[in-house]
>>> print(open('coords00.cif').read())   # mmCIF, C-alpha atoms and all ligand atoms
data_my_file
loop_
_atom_site.label_atom_id
_atom_site.label_comp_id
_atom_site.auth_asym_id
_atom_site.auth_seq_id
_atom_site.Cartn_x
_atom_site.Cartn_y
_atom_site.Cartn_z
CA MET H 8 -21.66 -8.98 8.83
CA GLU H 9 -23.73 -6.31 10.61
CA LEU H 10 -21.68 -4.29 13.07
CA LYS H 11 -22.46 -1.95 15.89
CA ILE H 12 -21.05 1.43 15.00
CA ASP H 13 -21.65 4.08 17.61
CA GLU H 14 -24.62 6.30 16.79
CA SER H 15 -22.54 9.41 17.45
CA ILE H 16 -20.24 8.55 14.50
CA LEU H 17 -23.19 8.31 12.13
CA LYS H 18 -24.71 11.44 13.60
CA ALA H 19 -21.53 13.37 12.92
CA TYR H 20 -22.23 12.73 9.24
CA GLY H 21 -25.96 13.38 9.43
CA LEU H 22 -26.81 9.67 9.31
CA THR H 23 -28.57 7.32 11.74
CA HIS H 24 -28.76 3.56 12.25
CA GLN H 25 -32.43 3.69 11.38
CA ASN H 26 -31.85 4.35 7.71
CA ILE H 27 -28.44 2.79 7.14
CA HIS H 28 -27.33 -0.71 6.19
CA ILE H 29 -23.78 -1.51 7.30
CA GLN H 30 -21.49 -4.10 5.74
CA GLN H 31 -17.84 -4.76 6.51
CA ILE H 32 -15.65 -4.64 3.39
CA GLY H 33 -11.96 -4.56 2.51
CA SER H 34 -9.14 -6.95 3.30
CA GLY H 35 -6.51 -4.65 4.82
CA HIS H 36 -4.53 -5.66 7.88
CA ILE H 37 -4.78 -2.37 9.74
CA ASN H 38 -7.97 -0.30 9.49
CA GLY H 39 -11.62 -1.45 9.60
CA THR H 40 -13.68 -0.50 6.55
CA TYR H 41 -17.47 -0.53 6.20
CA LEU H 42 -19.86 0.10 3.35
CA LEU H 43 -22.89 2.14 4.42
CA THR H 44 -26.00 2.19 2.27
CA LYS H 45 -28.83 4.62 2.88
CA GLN H 46 -31.98 2.53 2.73
CA THR H 47 -34.13 5.34 1.37
CA THR H 48 -31.95 6.55 -1.50
CA ALA H 49 -29.47 3.63 -1.93
CA GLU H 50 -26.71 6.25 -1.63
CA LYS H 51 -23.43 4.59 -0.57
CA PHE H 52 -20.52 5.69 1.62
CA VAL H 53 -17.33 4.13 2.91
CA LEU H 54 -16.75 4.47 6.65
CA GLN H 55 -13.35 3.66 8.05
CA TYR H 56 -11.80 3.79 11.48
CA ILE H 57 -8.15 4.67 11.90
CA ASN H 58 -6.08 2.20 13.91
CA THR H 59 -4.25 4.60 16.21
CA ASN H 60 -1.86 1.89 17.43
CA VAL H 61 -0.39 2.07 13.94
CA PHE H 62 -1.29 5.61 12.90
CA THR H 63 -0.24 7.48 15.99
CA HIS H 64 -0.77 10.89 14.32
CA PRO H 65 -4.32 10.65 12.88
CA GLN H 66 -4.50 14.42 12.45
CA ALA H 67 -1.51 14.21 10.09
CA ILE H 68 -3.52 11.89 7.84
CA ALA H 69 -6.41 14.34 7.65
CA ASP H 70 -4.11 17.35 7.14
CA ASN H 71 -2.12 15.65 4.38
CA ILE H 72 -5.22 14.59 2.49
CA GLN H 73 -6.70 18.06 2.84
CA ALA H 74 -3.55 19.78 1.55
CA VAL H 75 -3.32 17.46 -1.45
CA ALA H 76 -7.06 17.70 -2.15
CA ASP H 77 -6.87 21.52 -2.16
CA PHE H 78 -3.92 21.49 -4.55
CA LEU H 79 -5.55 19.01 -6.94
CA LYS H 80 -8.85 20.84 -6.91
CA GLN H 81 -7.13 24.03 -7.88
CA GLN H 82 -4.68 22.66 -10.43
CA PHE H 83 -6.59 19.68 -11.86
CA PRO H 84 -10.29 20.20 -11.08
CA ALA H 85 -11.40 17.27 -13.24
CA TYR H 86 -9.26 14.76 -11.34
CA LEU H 87 -11.23 12.40 -9.09
CA PHE H 88 -9.62 12.39 -5.65
CA PRO H 89 -11.94 10.75 -3.10
CA ALA H 90 -11.07 12.83 -0.04
CA PRO H 91 -13.19 12.21 3.06
CA THR H 92 -16.45 14.11 3.52
CA LEU H 93 -16.53 16.77 6.22
CA THR H 94 -18.67 16.13 9.30
CA VAL H 95 -21.80 18.20 9.91
CA GLY H 96 -19.61 20.35 12.17
CA GLY H 97 -17.03 20.88 9.41
CA GLU H 98 -14.33 18.54 10.80
CA ASN H 99 -12.33 16.19 8.59
CA MET H 100 -12.71 13.26 11.03
CA ALA H 101 -15.25 12.13 13.63
CA VAL H 102 -13.87 11.23 17.04
CA CYS H 103 -15.66 8.85 19.43
CA GLU H 104 -14.13 7.55 22.66
CA GLY H 105 -10.62 8.21 21.38
CA ALA H 106 -11.27 6.44 18.06
CA TYR H 107 -11.00 8.36 14.78
CA TRP H 108 -13.38 7.72 11.90
CA ARG H 109 -13.91 9.20 8.45
CA LEU H 110 -16.53 8.87 5.76
CA SER H 111 -15.84 8.98 2.03
CA PRO H 112 -18.16 8.94 -0.92
CA PHE H 113 -18.48 5.52 -2.56
CA VAL H 114 -17.53 5.81 -6.23
CA ASP H 115 -20.41 4.30 -8.18
CA GLY H 116 -19.87 1.84 -11.01
CA THR H 117 -16.48 0.74 -9.76
CA VAL H 118 -14.90 -2.37 -8.26
CA ALA H 119 -11.85 -2.91 -6.10
CA LEU H 120 -10.22 -6.23 -6.93
CA ASP H 121 -8.36 -8.50 -4.51
CA THR H 122 -6.33 -10.20 -7.22
CA LEU H 123 -5.46 -9.37 -10.83
CA SER H 124 -6.68 -11.60 -13.60
CA SER H 125 -5.43 -9.75 -16.68
CA PRO H 126 -2.36 -7.69 -17.64
CA LYS H 127 -4.71 -4.85 -18.57
CA GLN H 128 -5.63 -4.53 -14.89
CA ALA H 129 -1.93 -4.17 -14.05
CA TYR H 130 -1.61 -1.48 -16.73
CA GLU H 131 -4.64 0.44 -15.50
CA ALA H 132 -3.75 0.26 -11.81
CA ALA H 133 -0.12 1.26 -12.37
CA ARG H 134 -1.31 4.11 -14.53
CA GLN H 135 -3.62 5.42 -11.82
CA PHE H 136 -0.93 5.48 -9.14
CA ALA H 137 1.55 7.01 -11.58
CA LYS H 138 -1.00 9.64 -12.58
CA LEU H 139 -1.33 10.72 -8.96
CA SER H 140 2.47 11.00 -8.76
CA ARG H 141 2.56 13.03 -11.96
CA LEU H 142 -0.18 15.43 -10.91
CA LEU H 143 1.63 15.99 -7.61
CA ASN H 144 5.04 16.47 -9.23
CA ASP H 145 4.89 20.23 -8.55
CA PHE H 146 3.41 19.88 -5.08
CA ASP H 147 6.05 20.51 -2.42
CA SER H 148 6.05 17.21 -0.51
CA SER H 149 7.75 18.85 2.46
CA ASN H 150 4.33 20.37 3.22
CA LEU H 151 3.16 16.91 4.23
CA LYS H 152 3.85 15.14 7.51
CA ALA H 153 4.84 11.52 8.04
CA THR H 154 1.69 9.64 9.05
CA ILE H 155 3.92 6.77 10.24
CA ASP H 156 7.51 7.70 11.08
CA GLY H 157 10.11 5.91 8.97
CA PHE H 158 7.40 3.85 7.26
CA HIS H 159 9.44 2.77 4.22
CA ASP H 160 12.87 3.43 5.66
CA LEU H 161 14.64 0.16 4.94
CA GLN H 162 17.42 1.01 7.39
CA LEU H 163 14.83 1.34 10.17
CA ARG H 164 13.10 -1.89 9.11
CA PHE H 165 16.44 -3.72 9.24
CA SER H 166 17.21 -2.27 12.68
CA GLN H 167 13.79 -3.38 13.91
CA PHE H 168 14.58 -6.87 12.62
CA GLN H 169 17.89 -6.86 14.53
CA VAL H 170 16.18 -5.77 17.75
CA ALA H 171 13.53 -8.48 17.35
CA LEU H 172 16.24 -11.05 16.69
CA ALA H 173 18.10 -10.07 19.84
CA GLN H 174 14.96 -10.24 21.97
CA THR H 175 13.09 -13.24 20.59
CA SER H 176 12.85 -16.71 22.13
CA GLU H 177 15.18 -19.56 21.12
CA LYS H 178 12.10 -21.41 19.89
CA LEU H 179 11.00 -18.77 17.38
CA LYS H 180 14.60 -18.18 16.37
CA SER H 181 15.12 -21.82 15.51
CA GLN H 182 11.80 -22.02 13.62
CA ALA H 183 12.86 -19.02 11.54
CA SER H 184 16.55 -19.89 11.15
CA GLU H 185 16.47 -20.11 7.33
CA GLU H 186 14.55 -16.86 6.95
CA ILE H 187 16.86 -15.07 9.40
CA GLN H 188 19.78 -16.23 7.25
CA ALA H 189 17.97 -15.03 4.11
CA ALA H 190 17.42 -11.61 5.72
CA ILE H 191 21.15 -11.34 6.40
CA ASP H 192 22.14 -12.70 2.98
CA HIS H 193 20.06 -10.02 1.25
CA GLN H 194 21.56 -7.14 3.21
CA HIS H 195 23.15 -5.87 -0.03
CA ILE H 196 19.67 -4.53 -0.88
CA LEU H 197 19.93 -2.30 2.18
CA THR H 198 23.41 -1.22 1.12
CA THR H 199 22.16 -0.24 -2.34
CA TYR H 200 19.23 1.61 -0.76
CA GLN H 201 21.61 3.61 1.43
CA GLU H 202 23.72 4.45 -1.61
CA ILE H 203 20.87 5.65 -3.81
CA ARG H 204 18.31 7.20 -1.48
CA GLN H 205 19.91 10.66 -1.48
CA GLN H 206 19.94 10.69 -5.28
CA LEU H 207 16.19 10.14 -5.50
CA PRO H 208 13.92 13.19 -5.18
CA ASP H 209 11.24 13.34 -2.51
CA ARG H 210 7.78 12.89 -3.99
CA VAL H 211 4.27 12.53 -2.66
CA MET H 212 3.84 8.77 -2.42
CA HIS H 213 0.72 6.71 -1.81
CA HIS H 214 2.74 3.97 -0.02
CA ASP H 215 0.11 1.21 -0.37
CA THR H 216 -0.40 0.55 -4.07
CA LYS H 217 -1.97 -2.89 -3.86
CA ILE H 218 -4.67 -3.67 -6.40
CA SER H 219 -7.55 -3.29 -3.92
CA ASN H 220 -6.55 0.35 -3.46
CA VAL H 221 -7.46 1.33 -6.99
CA LEU H 222 -11.02 1.53 -8.23
CA LEU H 223 -11.65 0.19 -11.72
CA ASP H 224 -14.71 0.62 -13.89
CA LYS H 225 -16.77 -2.49 -13.14
CA ASN H 226 -17.51 -3.18 -16.79
CA THR H 227 -14.41 -2.12 -18.67
CA TYR H 228 -11.78 -2.44 -15.88
CA GLU H 229 -10.45 0.96 -16.82
CA GLY H 230 -8.80 2.77 -13.92
CA VAL H 231 -11.03 5.34 -12.19
CA CYS H 232 -9.16 6.56 -9.09
CA VAL H 233 -6.99 5.49 -6.18
CA ILE H 234 -8.29 5.08 -2.62
CA ASP H 235 -6.91 4.48 0.91
CA LEU H 236 -4.98 7.72 1.38
CA ASP H 237 -3.69 7.15 4.93
CA THR H 238 -0.08 6.80 3.95
CA LEU H 239 -0.06 9.67 1.45
CA MET H 240 3.17 11.37 2.56
CA PRO H 241 6.66 12.24 1.37
CA GLY H 242 8.67 9.31 0.05
CA LYS H 243 10.65 7.96 -2.91
CA PHE H 244 9.17 6.64 -6.14
CA ILE H 245 10.54 3.15 -5.36
CA SER H 246 7.83 2.76 -2.70
CA ASP H 247 4.84 2.92 -5.01
CA LEU H 248 6.32 1.20 -8.03
CA GLY H 249 8.01 -1.43 -5.85
CA ASP H 250 4.82 -2.29 -4.00
CA MET H 251 3.05 -2.76 -7.31
CA MET H 252 5.74 -5.25 -8.32
CA ARG H 253 5.33 -6.97 -4.97
CA THR H 254 1.57 -7.28 -5.27
CA TYR H 255 0.66 -7.40 -9.01
CA LEU H 256 3.18 -9.76 -10.55
CA CYS H 257 2.38 -13.05 -8.86
CA GLU H 258 -1.00 -14.71 -9.32
CA PHE H 259 -1.11 -15.54 -5.60
CA SER H 260 -0.97 -13.27 -2.57
CA GLU H 261 1.49 -12.98 0.30
CA ASN H 262 -0.67 -15.53 2.17
CA GLU H 263 -0.02 -18.36 -0.29
CA THR H 264 1.99 -21.15 1.36
CA ASP H 265 2.65 -23.30 -1.72
CA LEU H 266 5.87 -21.59 -2.77
CA SER H 267 5.90 -23.30 -6.19
CA LYS H 268 3.03 -20.93 -7.04
CA ILE H 269 5.05 -17.81 -6.20
CA VAL H 270 6.16 -16.92 -9.68
CA ILE H 271 6.47 -13.58 -11.48
CA ARG H 272 4.35 -13.17 -14.61
CA GLU H 273 6.37 -11.29 -17.24
CA GLU H 274 3.31 -10.15 -19.19
CA TYR H 275 1.97 -8.48 -16.04
CA PHE H 276 5.36 -6.88 -15.45
CA SER H 277 5.41 -5.51 -18.96
CA ALA H 278 1.86 -4.13 -18.68
CA MET H 279 2.56 -2.61 -15.26
CA ILE H 280 5.71 -0.89 -16.52
CA LYS H 281 3.88 0.44 -19.59
CA GLY H 282 1.04 1.79 -17.43
CA TYR H 283 3.43 3.39 -14.96
CA LEU H 284 5.66 4.97 -17.61
CA SER H 285 2.68 6.23 -19.62
CA GLU H 286 2.30 8.79 -16.81
CA MET H 287 5.73 9.02 -15.19
CA GLY H 288 8.06 8.27 -18.11
CA ASP H 289 8.79 11.94 -18.79
CA ILE H 290 8.97 12.89 -15.14
CA LEU H 291 11.34 10.34 -13.64
CA THR H 292 14.91 11.59 -13.31
CA SER H 293 17.77 9.60 -14.80
CA ALA H 294 18.76 8.45 -11.30
CA GLU H 295 15.22 7.14 -10.79
CA LYS H 296 15.11 5.40 -14.17
CA LYS H 297 18.22 3.41 -13.23
CA VAL H 298 16.56 1.85 -10.17
CA ILE H 299 13.16 0.87 -11.57
CA LEU H 300 13.84 -2.84 -11.16
CA PHE H 301 15.52 -2.26 -7.81
CA SER H 302 12.23 -0.85 -6.50
CA GLY H 303 10.75 -4.37 -6.57
CA LYS H 304 13.68 -5.85 -4.66
CA TYR H 305 13.47 -3.06 -2.11
CA MET H 306 9.77 -3.54 -1.38
CA MET H 307 9.85 -7.37 -1.41
CA TYR H 308 12.82 -7.39 0.93
CA MET H 309 11.26 -4.79 3.22
CA GLN H 310 7.99 -6.73 3.44
CA ALA H 311 9.87 -9.99 4.12
CA LEU H 312 11.76 -8.20 6.92
CA ARG H 313 8.55 -6.74 8.34
CA PHE H 314 6.75 -10.12 8.42
CA LEU H 315 9.84 -11.81 9.89
CA THR H 316 10.27 -9.10 12.52
CA ASP H 317 6.63 -9.46 13.51
CA PHE H 318 6.96 -13.25 13.73
CA LEU H 319 10.00 -12.88 16.02
CA ASN H 320 8.07 -10.35 18.12
CA GLY H 321 5.22 -12.83 18.62
CA SER H 322 2.94 -11.52 15.81
CA ILE H 323 1.74 -8.32 17.40
CA TYR H 324 1.31 -6.20 14.25
CA TYR H 325 -0.06 -8.24 11.35
CA PRO H 326 -3.21 -10.21 12.26
CA ILE H 327 -2.73 -13.97 11.82
CA HIS H 328 -5.00 -16.99 11.43
CA HIS H 329 -2.43 -19.55 12.57
CA PRO H 330 0.73 -19.19 14.69
CA GLY H 331 3.29 -19.54 11.89
CA GLN H 332 1.49 -17.28 9.40
CA ASN H 333 3.94 -14.40 9.51
CA LEU H 334 6.79 -16.84 8.98
CA ASP H 335 4.90 -18.34 6.02
CA ARG H 336 4.42 -14.83 4.65
CA THR H 337 8.14 -14.21 5.06
CA LYS H 338 8.95 -17.34 3.04
CA ASN H 339 6.48 -16.23 0.38
CA GLN H 340 8.11 -12.79 0.06
CA PHE H 341 11.64 -14.24 -0.12
CA LYS H 342 10.49 -16.63 -2.86
CA LEU H 343 9.00 -13.71 -4.78
CA LEU H 344 12.25 -11.78 -4.37
CA SER H 345 14.32 -14.69 -5.60
CA ASP H 346 12.09 -15.11 -8.66
CA LEU H 347 12.51 -11.40 -9.45
CA VAL H 348 16.28 -11.74 -9.15
CA ASN H 349 16.27 -14.87 -11.36
CA LYS H 350 14.34 -13.03 -14.06
CA GLU H 351 16.23 -9.78 -13.64
CA GLU H 352 17.80 -9.69 -17.11
CA GLU H 353 14.60 -10.19 -19.07
CA LEU H 354 12.65 -7.85 -16.82
CA GLN H 355 15.30 -5.15 -17.28
CA GLN H 356 14.93 -5.59 -21.04
CA LEU H 357 11.21 -4.99 -20.71
CA ILE H 358 11.96 -1.78 -18.80
CA ASP H 359 14.54 -0.61 -21.34
CA ALA H 360 12.12 -1.26 -24.21
CA ASN H 361 9.69 1.21 -22.64
CA LEU H 362 12.03 3.98 -21.48
C1 LIG D 401 -0.52 -3.33 5.67
O1 LIG D 401 -3.52 -2.71 6.07
P1 LIG D 401 -3.00 -3.01 4.73
O2 LIG D 401 -3.17 -4.46 4.42
O3 LIG D 401 -3.50 -2.08 3.68
C2 LIG D 401 0.68 -2.40 5.81
C3 LIG D 401 1.40 -2.30 4.49
C4 LIG D 401 1.85 -3.68 4.06
C5 LIG D 401 0.63 -4.62 3.99
C6 LIG D 401 1.05 -6.03 3.71
C7 LIG D 401 0.09 0.75 7.74
O4 LIG D 401 -1.40 -2.77 4.76
O5 LIG D 401 2.54 -1.48 4.63
O6 LIG D 401 2.45 -3.64 2.82
O7 LIG D 401 -0.09 -4.60 5.24
N1 LIG D 401 0.22 -1.09 6.24
C8 LIG D 401 0.69 -0.54 7.36
O8 LIG D 401 -0.08 -6.79 3.45
O9 LIG D 401 1.55 -1.08 8.04
MG MG D 402 -3.73 0.30 3.52
#
>>> encode(input="coords00.cif", output="structure tokens", more="lines below")
Ligand code: GN1
Ligand code: MG
Amino acid sequence: MELKIDESILKAYGLTHQNIHIQQIGSGHINGTYLLTKQTTAEKFVLQYINTNVFTHPQAIADNIQAVADFLKQQFPAYLFPAPTLTVGGENMAVCEGAYWRLSPFVDGTVALDTLSSPKQAYEAARQFAKLSRLLNDFDSSNLKATIDGFHDLQLRFSQFQVALAQTSEKLKSQASEEIQAAIDHQHILTTYQEIRQQLPDRVMHHDTKISNVLLDKNTYEGVCVIDLDTLMPGKFISDLGDMMRTYLCEFSENETDLSKIVIREEYFSAMIKGYLSEMGDILTSAEKKVILFSGKYMMYMQALRFLTDFLNGSIYYPIHHPGQNLDRTKNQFKLLSDLVNKEEELQQLIDANL
């Protein structure tokens, strides 16, 4: 799809429509992503606009990435961290009619996958996200700002669910009655979160560790680097590891409606844990090691709550293709959570074998 991107955005990066081919890429819910190819040299860039309804502090994104990029460049110069390119005027974003854009180099010879088709991919992806956590272990995360306030605060997500429940229509409430009950029945996950969160150190977290946010070598599928740095901010390790469990372990995505297909693949779990611990095994504290499996429950439950809350609010956050889609996504995430709980003992053994 060819899209009209304002000339002034391209100009800010020394480009023009005349010599650029534009293609929309990516499958994220929030930001628009485009691949730009220079017709003369075939040089490629990724252009992305920041959705300021969601990211209300776009400058915080740019500042966080800059601070982390500076640290990594100094401490680990060989590490590939695809920070955005500066504009011709030296700014870290281009602003046009109140919209914020940034351009990043396209990393040649890589692919971003939408789904995983081998445990090795789970190993490589988990390793890349864990490597970023390891390299930033000595970076003081309090130097970073929240790019979305309370983003992975489960208490806040539960409160938002309660507000939505109180305000929604009788019709939506009755359609979602089973999922509302499931949200309440799983409240013990929130209780555990409240008990442990103070024991877990603050770290720099990526906060969106899905498979399409890691670039793999297109031939060998070896991990190359992580991308999509908008939610790089202080957090707890359960965010990144938990979101990998949420998105790597099932063959089908959160959009799958046939719940019999929502099943956790143990061999992917094992590979993901091995990849993660190959970088973070010596760095995690004993308090963190105890809640490795819990991280999956935490993220699956939080995503179920977020989809359910959005459904009750009339689907104003996550784009949908049919009216009940956020409710379907909620069911999907609760099924994934229940499969994780059913397999808890064997999965914990796989963790213990690697610690
Ligand atoms: C959103 O835009 P995307 O798809 O990368 C969301 C994530 C959710 C994800 C669920 C800023 O991410 O937190 O896990 O949808 N990002 C934001 O698919 O809300
Ligand atoms: Mg994202």
>>> atom_distance(input="coords00.cif", atom1="atom N1 of ligand LIG 401 (chain D)", atom2="atom CA of H:Asp70")
19.0 Å
>>> atom_distance(input="coords00.cif", atom1="atom CA of H:Phe165", atom2="atom CA of H:Met309")
8.0 Å
>>> closest_residue(input="coords00.cif", among="H:Ser285, H:Ser260, H:Gln194, H:Thr44", to="H:Arg164", atoms="all atoms listed in the file")
H:Gln194
>>> closest_atom_pairs(input="coords00.cif", of="chain H", to="ligand LIG 401 (chain D)", cutoff="7 Å", atoms="only C-alpha atoms and all ligand atoms", output="Markdown table")
| residue | atom | partner | partner_atom | distance |
| --- | --- | --- | --- | --- |
| H:Ser34 | CA | D:LIG401 | O2 | 6.6 |
| H:Gly35 | CA | D:LIG401 | O2 | 3.4 |
| H:His36 | CA | D:LIG401 | O1 | 3.6 |
| H:Ile37 | CA | D:LIG401 | O1 | 3.9 |
| H:Asn38 | CA | D:LIG401 | O1 | 6.1 |
| H:Val61 | CA | D:LIG401 | C7 | 6.4 |
| H:Asp215 | CA | D:LIG401 | C3 | 6.1 |
| H:Gln310 | CA | D:LIG401 | O6 | 6.4 |
>>> residues_near_ligand(input="coords00.cif", ligand="ligand MG 402 (chain D)", cutoff="12 Å", atoms="all atoms listed in the file", output="PyMOL selection string")
chain H and resi 33-40+55-58+61-62+213-221+233-239+250
>>> atom_distance(input="coords00.cif", atom1="atom CA of H:Phe78", atom2="atom CA of H:Ala106")
28.1 Å
>>> closest_residue(input="coords00.cif", among="H:Glu104, H:Asp209, H:Asp160, H:Asp247", to="H:Ile299", atoms="all atoms listed in the file")
H:Asp247
>>> residues_around(input="coords00.cif", residues="H:Phe276", least_positions_apart="5", cutoff="10 Å", atoms="all atoms listed in the file", output="list of chain:residue names")
H:Pro126, H:Ala129, H:Tyr130, H:Met251, H:Met252, H:Tyr255, H:Leu256, H:Cys257, H:Ile271, H:Lys281, H:Gly282, H:Leu354, H:Leu357, H:Ile358
>>> closest_residue(input="coords00.cif", among="H:Gly303, H:Phe259, H:Tyr20, H:Arg204", to="H:Lys350", atoms="all atoms listed in the file")
H:Gly303
>>> closest_residue(input="coords00.cif", among="H:Gln46, H:Gln162, H:Gln30, H:Thr316", to="H:Thr175", atoms="all atoms listed in the file")
H:Thr316
>>> residues_around(input="coords00.cif", residues="stretch 320-336 of chain H", least_positions_apart="6", cutoff="8 Å", atoms="all atoms listed in the file", output="VMD selection string")
chain H and resid 36 to 37 171 174 to 175 183 261 to 264 311 314
>>> closest_residue(input="coords00.cif", among="H:Val348, H:Leu139, H:Ile12, H:Ile290", to="H:Leu87", atoms="only C-alpha atoms")
H:Leu139
